[in-house]
$ cat run-v9.cif   # mmCIF, C-alpha atoms
data_entry
loop_
_atom_site.label_atom_id
_atom_site.label_comp_id
_atom_site.auth_asym_id
_atom_site.auth_seq_id
_atom_site.Cartn_x
_atom_site.Cartn_y
_atom_site.Cartn_z
CA MET Q 1 -9.30 8.90 40.48
CA ILE Q 2 -7.80 5.91 42.36
CA PHE Q 3 -7.82 7.85 45.69
CA TRP Q 4 -11.48 8.79 45.13
CA LEU Q 5 -12.48 5.16 44.50
CA MET Q 6 -10.59 3.98 47.61
CA THR Q 7 -12.40 6.55 49.74
CA LEU Q 8 -15.75 5.59 48.24
CA SER Q 9 -15.12 1.89 48.94
CA LEU Q 10 -14.66 2.67 52.63
CA LEU Q 11 -17.60 5.06 53.03
CA ASN Q 12 -20.18 3.31 50.84
CA PRO Q 13 -19.26 -0.22 49.65
CA GLU Q 14 -22.47 -0.73 47.65
CA LEU Q 15 -22.10 2.55 45.76
CA PHE Q 16 -18.45 1.62 45.11
CA LYS Q 17 -19.50 -1.66 43.44
CA THR Q 18 -22.09 0.12 41.30
CA THR Q 19 -19.60 2.80 40.24
CA LEU Q 20 -16.91 0.23 39.38
CA ILE Q 21 -19.29 -1.91 37.30
CA SER Q 22 -20.58 1.19 35.50
CA SER Q 23 -17.01 2.30 34.74
CA ARG Q 24 -16.08 -1.11 33.33
CA TYR Q 25 -19.26 -1.24 31.25
CA THR Q 26 -18.54 2.20 29.81
CA LYS Q 27 -14.99 1.22 28.83
CA LEU Q 28 -16.25 -2.03 27.24
CA SER Q 29 -18.95 -0.18 25.33
CA ARG Q 30 -16.41 2.31 23.99
CA SER Q 31 -14.09 -0.51 22.91
CA LEU Q 32 -16.90 -2.35 21.12
CA SER Q 33 -18.02 0.88 19.49
CA ILE Q 34 -14.52 1.54 18.16
CA MET Q 35 -14.28 -2.04 16.89
CA ASN Q 36 -17.68 -1.97 15.18
CA ASP Q 37 -16.99 1.39 13.58
CA CYS Q 38 -13.55 0.26 12.43
CA LYS Q 39 -13.22 0.73 8.68
CA VAL Q 40 -10.17 -0.64 6.97
CA LYS Q 41 -8.61 2.09 4.85
CA VAL Q 42 -6.33 1.53 1.88
CA LEU Q 43 -3.54 4.03 1.36
CA GLY Q 44 -1.96 3.92 -2.08
CA ILE Q 45 1.75 4.72 -2.48
CA CYS Q 46 3.17 5.41 -5.93
CA GLY Q 47 6.43 6.84 -7.21
CA GLY Q 48 9.18 6.27 -9.70
CA ILE Q 49 12.16 3.97 -9.38
CA GLY Q 50 14.64 5.26 -6.82
CA SER Q 51 12.00 7.42 -5.11
CA GLY Q 52 11.98 5.28 -1.99
CA LYS Q 53 8.33 4.25 -2.11
CA SER Q 54 9.15 0.78 -0.73
CA GLN Q 55 11.00 2.37 2.18
CA ALA Q 56 8.04 4.68 2.77
CA CYS Q 57 5.69 1.69 2.92
CA THR Q 58 7.98 -0.18 5.30
CA THR Q 59 8.23 2.87 7.55
CA LEU Q 60 4.45 3.33 7.60
CA VAL Q 61 3.93 -0.25 8.77
CA GLU Q 62 6.93 -0.91 11.00
CA ASN Q 63 7.31 2.51 12.63
CA LEU Q 64 4.03 4.39 12.23
CA GLY Q 65 1.39 1.79 13.06
CA CYS Q 66 -0.23 0.99 9.72
CA TRP Q 67 -1.59 -2.54 9.64
CA ALA Q 68 0.03 -4.18 6.62
CA HIS Q 69 1.99 -3.63 3.41
CA ILE Q 70 0.52 -4.97 0.15
CA GLU Q 71 3.00 -5.17 -2.73
CA ALA Q 72 1.20 -5.19 -6.06
CA ASP Q 73 4.32 -6.46 -7.84
CA LYS Q 74 4.34 -9.64 -5.77
CA LEU Q 75 0.65 -10.20 -6.47
CA ALA Q 76 1.33 -9.71 -10.18
CA HIS Q 77 4.00 -12.43 -10.09
CA GLN Q 78 1.31 -14.93 -9.06
CA VAL Q 79 -0.32 -14.35 -12.43
CA TYR Q 80 2.39 -16.47 -14.04
CA ASN Q 81 1.74 -19.52 -11.87
CA PRO Q 82 0.47 -22.54 -13.86
CA GLY Q 83 -3.19 -23.25 -13.18
CA ASN Q 84 -4.05 -19.62 -12.60
CA GLN Q 85 -6.82 -18.27 -14.84
CA ALA Q 86 -4.60 -15.35 -15.81
CA PHE Q 87 -1.82 -17.82 -16.72
CA THR Q 88 -4.20 -19.52 -19.14
CA ALA Q 89 -5.19 -16.18 -20.66
CA ILE Q 90 -1.54 -15.14 -21.10
CA VAL Q 91 -0.65 -18.37 -22.89
CA LYS Q 92 -3.72 -18.06 -25.07
CA GLU Q 93 -2.77 -14.50 -26.02
CA PHE Q 94 0.98 -14.95 -26.59
CA GLY Q 95 1.21 -18.61 -27.51
CA SER Q 96 3.11 -21.63 -26.20
CA LYS Q 97 6.40 -20.09 -27.35
CA ILE Q 98 6.53 -18.18 -24.05
CA LEU Q 99 6.55 -21.43 -22.04
CA THR Q 100 9.58 -23.29 -20.70
CA LYS Q 101 10.04 -27.06 -20.84
CA ASP Q 102 8.46 -27.16 -17.36
CA ASN Q 103 5.32 -25.48 -18.70
CA GLU Q 104 6.06 -22.24 -16.86
CA VAL Q 105 6.05 -18.73 -18.32
CA ASP Q 106 9.48 -17.71 -19.55
CA ARG Q 107 9.39 -14.13 -18.31
CA LYS Q 108 12.47 -13.18 -20.29
CA GLN Q 109 10.83 -14.40 -23.49
CA LEU Q 110 7.57 -12.66 -22.64
CA GLY Q 111 9.47 -9.50 -21.73
CA GLU Q 112 11.17 -9.38 -25.10
CA ILE Q 113 7.75 -9.47 -26.73
CA VAL Q 114 5.95 -6.86 -24.63
CA PHE Q 115 8.81 -4.39 -24.25
CA SER Q 116 9.26 -4.25 -28.01
CA SER Q 117 5.57 -3.65 -28.70
CA PRO Q 118 3.33 -1.18 -26.84
CA GLU Q 119 0.31 -3.05 -28.20
CA SER Q 120 1.56 -6.33 -26.71
CA MET Q 121 2.31 -4.61 -23.40
CA LYS Q 122 -1.23 -3.26 -23.29
CA LYS Q 123 -2.62 -6.74 -23.91
CA LEU Q 124 -0.56 -8.14 -21.04
CA GLU Q 125 -1.62 -5.33 -18.72
CA ASN Q 126 -5.27 -5.95 -19.58
CA ILE Q 127 -4.82 -9.51 -18.35
CA VAL Q 128 -2.66 -8.84 -15.29
CA TRP Q 129 -4.18 -5.70 -13.80
CA PRO Q 130 -7.77 -6.94 -13.27
CA TYR Q 131 -6.38 -10.06 -11.59
CA VAL Q 132 -4.22 -8.02 -9.22
CA LYS Q 133 -7.11 -5.69 -8.40
CA SER Q 134 -9.28 -8.67 -7.51
CA GLU Q 135 -6.54 -10.00 -5.22
CA ILE Q 136 -6.23 -6.62 -3.49
CA GLU Q 137 -9.99 -6.56 -2.89
CA ASN Q 138 -9.83 -10.07 -1.41
CA ILE Q 139 -6.98 -9.08 0.90
CA LYS Q 140 -8.92 -6.06 2.15
CA LYS Q 141 -11.98 -8.24 2.82
CA SER Q 142 -9.86 -10.68 4.81
CA TYR Q 143 -8.59 -7.85 7.02
CA GLU Q 144 -12.07 -6.40 7.46
CA LYS Q 145 -13.25 -9.75 8.84
CA ASP Q 146 -10.33 -9.85 11.27
CA LEU Q 147 -11.45 -7.92 14.37
CA GLU Q 148 -8.19 -8.63 16.21
CA LEU Q 149 -6.52 -5.39 15.24
CA PRO Q 150 -3.29 -5.18 17.26
CA ASN Q 151 -3.29 -2.47 19.91
CA ASP Q 152 -0.33 -0.73 18.32
CA LYS Q 153 -1.84 -0.71 14.82
CA SER Q 154 -4.30 1.46 12.89
CA PRO Q 155 -6.70 -0.12 10.36
CA ILE Q 156 -4.72 1.15 7.36
CA LEU Q 157 -3.43 -1.12 4.59
CA VAL Q 158 -0.57 0.35 2.58
CA LEU Q 159 -0.74 -0.54 -1.10
CA GLU Q 160 2.47 -0.08 -3.08
CA ALA Q 161 2.32 0.07 -6.87
CA ALA Q 162 3.97 2.22 -9.50
CA VAL Q 163 0.98 1.67 -11.80
CA LEU Q 164 -1.80 2.54 -9.33
CA ILE Q 165 -3.33 5.24 -11.51
CA ASP Q 166 -2.63 3.64 -14.90
CA ALA Q 167 -4.29 0.44 -13.68
CA GLY Q 168 -7.39 2.36 -12.55
CA TRP Q 169 -7.29 1.20 -8.94
CA GLN Q 170 -8.18 4.58 -7.41
CA ASP Q 171 -11.62 3.31 -6.41
CA LEU Q 172 -9.89 0.94 -3.96
CA LEU Q 173 -8.16 3.80 -2.16
CA ASP Q 174 -8.89 6.22 0.66
CA GLY Q 175 -5.84 8.26 -0.25
CA LEU Q 176 -2.98 8.21 -2.75
CA TRP Q 177 0.45 9.59 -1.96
CA ALA Q 178 3.18 10.13 -4.53
CA ILE Q 179 6.76 9.80 -3.32
CA LYS Q 180 8.98 12.28 -5.15
CA VAL Q 181 12.74 12.62 -5.31
CA PRO Q 182 15.10 14.85 -7.29
CA HIS Q 183 16.48 13.25 -10.45
CA GLU Q 184 20.10 13.24 -9.27
CA VAL Q 185 19.18 11.68 -5.93
CA ALA Q 186 17.36 8.86 -7.74
CA ILE Q 187 20.42 8.31 -9.94
CA GLU Q 188 22.73 8.11 -6.91
CA ARG Q 189 20.43 5.63 -5.14
CA LEU Q 190 20.22 3.33 -8.16
CA GLN Q 191 23.97 3.39 -8.58
CA SER Q 192 24.80 2.76 -4.92
CA LYS Q 193 21.98 0.35 -3.98
CA ARG Q 194 21.48 -1.57 -7.23
CA GLY Q 195 24.90 -1.28 -8.77
CA LEU Q 196 23.61 0.30 -11.97
CA SER Q 197 25.70 2.47 -14.23
CA ARG Q 198 24.56 6.04 -14.67
CA ASP Q 199 23.34 5.22 -18.19
CA GLU Q 200 21.33 2.22 -16.96
CA ALA Q 201 19.83 4.28 -14.13
CA GLU Q 202 18.86 7.05 -16.54
CA LYS Q 203 17.12 4.59 -18.87
CA ARG Q 204 15.08 3.02 -16.08
CA ILE Q 205 14.01 6.39 -14.71
CA MET Q 206 13.02 7.69 -18.13
CA ALA Q 207 11.12 4.48 -18.92
CA GLN Q 208 8.70 5.30 -16.08
CA LYS Q 209 8.19 8.96 -16.93
CA SER Q 210 5.06 8.16 -18.92
CA ARG Q 211 3.45 6.53 -15.88
CA ARG Q 212 0.71 8.59 -14.26
CA GLY Q 213 1.69 9.66 -10.78
CA VAL Q 214 5.38 9.49 -11.71
CA GLY Q 215 6.03 11.94 -14.52
CA ASN Q 216 2.94 14.11 -14.02
CA VAL Q 217 2.46 14.33 -10.26
CA GLU Q 218 1.40 18.00 -10.26
CA GLU Q 219 -1.31 17.29 -12.85
CA GLU Q 220 -2.64 14.34 -10.84
CA VAL Q 221 -2.76 16.51 -7.71
CA GLU Q 222 -4.73 19.18 -9.56
CA ASN Q 223 -7.17 16.54 -10.80
CA GLY Q 224 -7.67 15.22 -7.28
CA ILE Q 225 -6.19 11.79 -8.03
CA VAL Q 226 -3.03 12.17 -5.93
CA SER Q 227 -4.08 13.36 -2.47
CA GLY Q 228 -0.62 14.00 -1.09
CA VAL Q 229 3.00 14.40 -2.17
CA ILE Q 230 5.94 13.33 -0.01
CA SER Q 231 9.40 14.62 -0.87
CA ASN Q 232 12.00 11.98 -0.04
CA ASP Q 233 15.27 13.81 -0.65
CA GLY Q 234 16.80 13.50 2.81
CA PRO Q 235 17.63 10.94 5.51
CA LEU Q 236 15.20 8.25 6.68
CA SER Q 237 14.38 10.20 9.85
CA ASN Q 238 13.06 13.07 7.73
CA LEU Q 239 10.92 10.69 5.67
CA GLU Q 240 9.40 9.17 8.80
CA GLU Q 241 8.52 12.60 10.18
CA LYS Q 242 6.86 13.63 6.91
CA LEU Q 243 4.86 10.40 6.74
CA SER Q 244 3.78 10.75 10.35
CA ASP Q 245 2.53 14.28 9.72
CA ALA Q 246 0.74 13.18 6.53
CA LEU Q 247 -1.14 10.40 8.34
CA LYS Q 248 -2.65 13.00 10.66
CA ASN Q 249 -3.35 15.54 7.91
CA LYS Q 250 -6.92 15.25 6.60
CA SER Q 251 -5.95 17.00 3.37
CA PHE Q 252 -3.73 14.01 2.52
CA TRP Q 253 -6.80 11.78 2.32
CA TYR Q 254 -9.79 11.67 0.01
CA SER Q 255 -12.82 13.30 1.58
#
$ encode --input "run-v9.cif" --output "structure tokens"
Amino acid sequence: MIFWLMTLSLLNPELFKTTLISSRYTKLSRSLSIMNDCKVKVLGICGGIGSGKSQACTTLVENLGCWAHIEADKLAHQVYNPGNQAFTAIVKEFGSKILTKDNEVDRKQLGEIVFSSPESMKKLENIVWPYVKSEIENIKKSYEKDLELPNDKSPILVLEAAVLIDAGWQDLLDGLWAIKVPHEVAIERLQSKRGLSRDEAEKRIMAQKSRRGVGNVEEEVENGIVSGVISNDGPLSNLEEKLSDALKNKSFWYS
């Protein structure tokens, strides 16, 4: 191509200028078209404790070109900040007994209440989950307005949450992947990485079994809620390869 342009510049300078301008215009038009057609996708990642869903999200963003990692848990923590509307609703529901001397939510006190009563837990979730969903929507809008997508990134936001399905956030997603791991592998990871005893690890794993997308992955796949399943029972290099293949596999996304 370069040799052809050099030859053309010598034989017909005017035609060379026209060809070069046309080529640049075509490239610019293609770039603008890609930018204007750019739709920010949200990829949901769920999975039980010890499954490696956080590692999967990190790999997707740092190694495989996804744009950003949204952690629902961190957004949920903002609910407890004084002055937040959700903070006011929580105090109204559970009373001032859950507040510290500094007028902040005593999470340990609140935890004792909700973990001992499914009804209380449901009330807390009904306050927290809509707030988090609204924050996720706002984050997506902020990225959609940002046209400066880095050259090495794809317009995919990775949303990590164990409660994605229970919270009813599927309508935010363009795909939902469940990260699965054998029970014994999860136990070993919790013991080695978090210093838990086997009994403690077992309890935490079993506590999440009732979560949709954790204890009933096959059912959620059949119902079309989970669009892809990633088995994370090997080294990190294997996980990265599986995630890379999944990104390119249309069947791993909602139609």
$ residues_around --input "run-v9.cif" --residues "Gln109 (chain Q)" --least-positions-apart "3" --cutoff "6 Å" --atoms "only C-alpha atoms" --output "list in words"
Ile98, Asp106 and Glu112 of chain Q
$ residues_near_point --input "run-v9.cif" --point "(2.6, -0.5, 18.4)" --cutoff "9 Å" --atoms "all atoms listed in the file" --output "PyMOL selection string"
chain Q and resi 62-65+150-153
$ resolve_selection --input "run-v9.cif" --expression "the PyMOL selection byres ((chain Q and resi 211-218) around 7)" --output "ChimeraX atom specification"
/Q:46-48,163,165-166,178,208-210,219-222
$ resolve_selection --input "run-v9.cif" --expression "the PyMOL selection byres ((chain Q and resi 80) around 12)" --output "PyMOL selection string"
chain Q and resi 73-79+81-91+98-100+103-107+110+124+127-128+131-132
$ atom_distance --input "run-v9.cif" --atom1 "CA of Asp146 (chain Q)" --atom2 "CA of Glu71 (chain Q)"
19.9 Å
$ closest_residue --input "run-v9.cif" --among "Q:Leu196, Q:Leu43, Q:Ala246, Q:Ile179" --to "Leu157 (chain Q)" --atoms "only C-alpha atoms"
Q:Leu43
$ build_atoms --input "run-v9.cif" --residues "region 223-234 of chain Q" --atoms "all heavy atoms" --output "PDB file, in the frame of the given file"
ATOM      1  N   ASN Q 223      -5.964  17.291 -10.431  1.00  0.00           N
ATOM      2  CA  ASN Q 223      -7.170  16.540 -10.800  1.00  0.00           C
ATOM      3  C   ASN Q 223      -7.773  15.777  -9.627  1.00  0.00           C
ATOM      4  O   ASN Q 223      -8.792  15.103  -9.785  1.00  0.00           O
ATOM      5  CB  ASN Q 223      -6.856  15.569 -11.935  1.00  0.00           C
ATOM      6  CG  ASN Q 223      -6.533  16.276 -13.229  1.00  0.00           C
ATOM      7  OD1 ASN Q 223      -6.950  17.410 -13.454  1.00  0.00           O
ATOM      8  ND2 ASN Q 223      -5.766  15.621 -14.103  1.00  0.00           N
ATOM      9  N   GLY Q 224      -7.133  15.877  -8.471  1.00  0.00           N
ATOM     10  CA  GLY Q 224      -7.670  15.220  -7.280  1.00  0.00           C
ATOM     11  C   GLY Q 224      -7.398  13.740  -7.207  1.00  0.00           C
ATOM     12  O   GLY Q 224      -7.994  13.036  -6.373  1.00  0.00           O
ATOM     13  N   ILE Q 225      -6.510  13.216  -8.052  1.00  0.00           N
ATOM     14  CA  ILE Q 225      -6.190  11.790  -8.030  1.00  0.00           C
ATOM     15  C   ILE Q 225      -5.136  11.501  -6.966  1.00  0.00           C
ATOM     16  O   ILE Q 225      -5.292  10.599  -6.144  1.00  0.00           O
ATOM     17  CB  ILE Q 225      -5.674  11.312  -9.415  1.00  0.00           C
ATOM     18  CG1 ILE Q 225      -6.714  11.625 -10.500  1.00  0.00           C
ATOM     19  CG2 ILE Q 225      -5.361   9.821  -9.380  1.00  0.00           C
ATOM     20  CD1 ILE Q 225      -8.056  10.963 -10.284  1.00  0.00           C
ATOM     21  N   VAL Q 226      -4.054  12.267  -6.978  1.00  0.00           N
ATOM     22  CA  VAL Q 226      -3.030  12.170  -5.930  1.00  0.00           C
ATOM     23  C   VAL Q 226      -3.432  13.097  -4.798  1.00  0.00           C
ATOM     24  O   VAL Q 226      -3.610  14.301  -5.005  1.00  0.00           O
ATOM     25  CB  VAL Q 226      -1.627  12.547  -6.472  1.00  0.00           C
ATOM     26  CG1 VAL Q 226      -0.635  12.692  -5.327  1.00  0.00           C
ATOM     27  CG2 VAL Q 226      -1.149  11.498  -7.463  1.00  0.00           C
ATOM     28  N   SER Q 227      -3.600  12.547  -3.597  1.00  0.00           N
ATOM     29  CA  SER Q 227      -4.080  13.360  -2.470  1.00  0.00           C
ATOM     30  C   SER Q 227      -2.953  13.936  -1.627  1.00  0.00           C
ATOM     31  O   SER Q 227      -3.199  14.806  -0.782  1.00  0.00           O
ATOM     32  CB  SER Q 227      -4.998  12.502  -1.575  1.00  0.00           C
ATOM     33  OG  SER Q 227      -4.329  11.335  -1.119  1.00  0.00           O
ATOM     34  N   GLY Q 228      -1.731  13.462  -1.850  1.00  0.00           N
ATOM     35  CA  GLY Q 228      -0.620  14.000  -1.090  1.00  0.00           C
ATOM     36  C   GLY Q 228       0.715  13.697  -1.764  1.00  0.00           C
ATOM     37  O   GLY Q 228       0.854  12.681  -2.443  1.00  0.00           O
ATOM     38  N   VAL Q 229       1.667  14.584  -1.591  1.00  0.00           N
ATOM     39  CA  VAL Q 229       3.000  14.400  -2.170  1.00  0.00           C
ATOM     40  C   VAL Q 229       4.031  14.447  -1.044  1.00  0.00           C
ATOM     41  O   VAL Q 229       4.030  15.365  -0.216  1.00  0.00           O
ATOM     42  CB  VAL Q 229       3.326  15.502  -3.208  1.00  0.00           C
ATOM     43  CG1 VAL Q 229       4.732  15.311  -3.766  1.00  0.00           C
ATOM     44  CG2 VAL Q 229       2.287  15.493  -4.327  1.00  0.00           C
ATOM     45  N   ILE Q 230       4.888  13.422  -1.014  1.00  0.00           N
ATOM     46  CA  ILE Q 230       5.940  13.330  -0.010  1.00  0.00           C
ATOM     47  C   ILE Q 230       7.295  13.453  -0.703  1.00  0.00           C
ATOM     48  O   ILE Q 230       7.612  12.664  -1.590  1.00  0.00           O
ATOM     49  CB  ILE Q 230       5.890  11.988   0.746  1.00  0.00           C
ATOM     50  CG1 ILE Q 230       4.512  11.756   1.370  1.00  0.00           C
ATOM     51  CG2 ILE Q 230       6.987  11.921   1.797  1.00  0.00           C
ATOM     52  CD1 ILE Q 230       4.172  12.656   2.508  1.00  0.00           C
ATOM     53  N   SER Q 231       8.070  14.449  -0.315  1.00  0.00           N
ATOM     54  CA  SER Q 231       9.400  14.620  -0.870  1.00  0.00           C
ATOM     55  C   SER Q 231      10.399  13.794  -0.062  1.00  0.00           C
ATOM     56  O   SER Q 231      10.538  13.987   1.147  1.00  0.00           O
ATOM     57  CB  SER Q 231       9.808  16.101  -0.841  1.00  0.00           C
ATOM     58  OG  SER Q 231      11.126  16.265  -1.323  1.00  0.00           O
ATOM     59  N   ASN Q 232      11.071  12.874  -0.725  1.00  0.00           N
ATOM     60  CA  ASN Q 232      12.000  11.980  -0.040  1.00  0.00           C
ATOM     61  C   ASN Q 232      13.428  12.237  -0.504  1.00  0.00           C
ATOM     62  O   ASN Q 232      14.067  11.403  -1.132  1.00  0.00           O
ATOM     63  CB  ASN Q 232      11.606  10.514  -0.311  1.00  0.00           C
ATOM     64  CG  ASN Q 232      12.494   9.532   0.418  1.00  0.00           C
ATOM     65  OD1 ASN Q 232      13.086   9.845   1.441  1.00  0.00           O
ATOM     66  ND2 ASN Q 232      12.594   8.313  -0.122  1.00  0.00           N
ATOM     67  N   ASP Q 233      13.930  13.419  -0.193  1.00  0.00           N
ATOM     68  CA  ASP Q 233      15.270  13.810  -0.650  1.00  0.00           C
ATOM     69  C   ASP Q 233      16.278  13.915   0.476  1.00  0.00           C
ATOM     70  O   ASP Q 233      17.382  14.431   0.297  1.00  0.00           O
ATOM     71  CB  ASP Q 233      15.197  15.142  -1.387  1.00  0.00           C
ATOM     72  CG  ASP Q 233      14.545  16.228  -0.539  1.00  0.00           C
ATOM     73  OD1 ASP Q 233      14.093  15.925   0.588  1.00  0.00           O
ATOM     74  OD2 ASP Q 233      14.477  17.379  -1.007  1.00  0.00           O
ATOM     75  N   GLY Q 234      15.896  13.404   1.658  1.00  0.00           N
ATOM     76  CA  GLY Q 234      16.800  13.500   2.810  1.00  0.00           C
ATOM     77  C   GLY Q 234      16.967  12.169   3.504  1.00  0.00           C
ATOM     78  O   GLY Q 234      16.674  11.114   2.932  1.00  0.00           O
TER      79      GLY Q 234
END
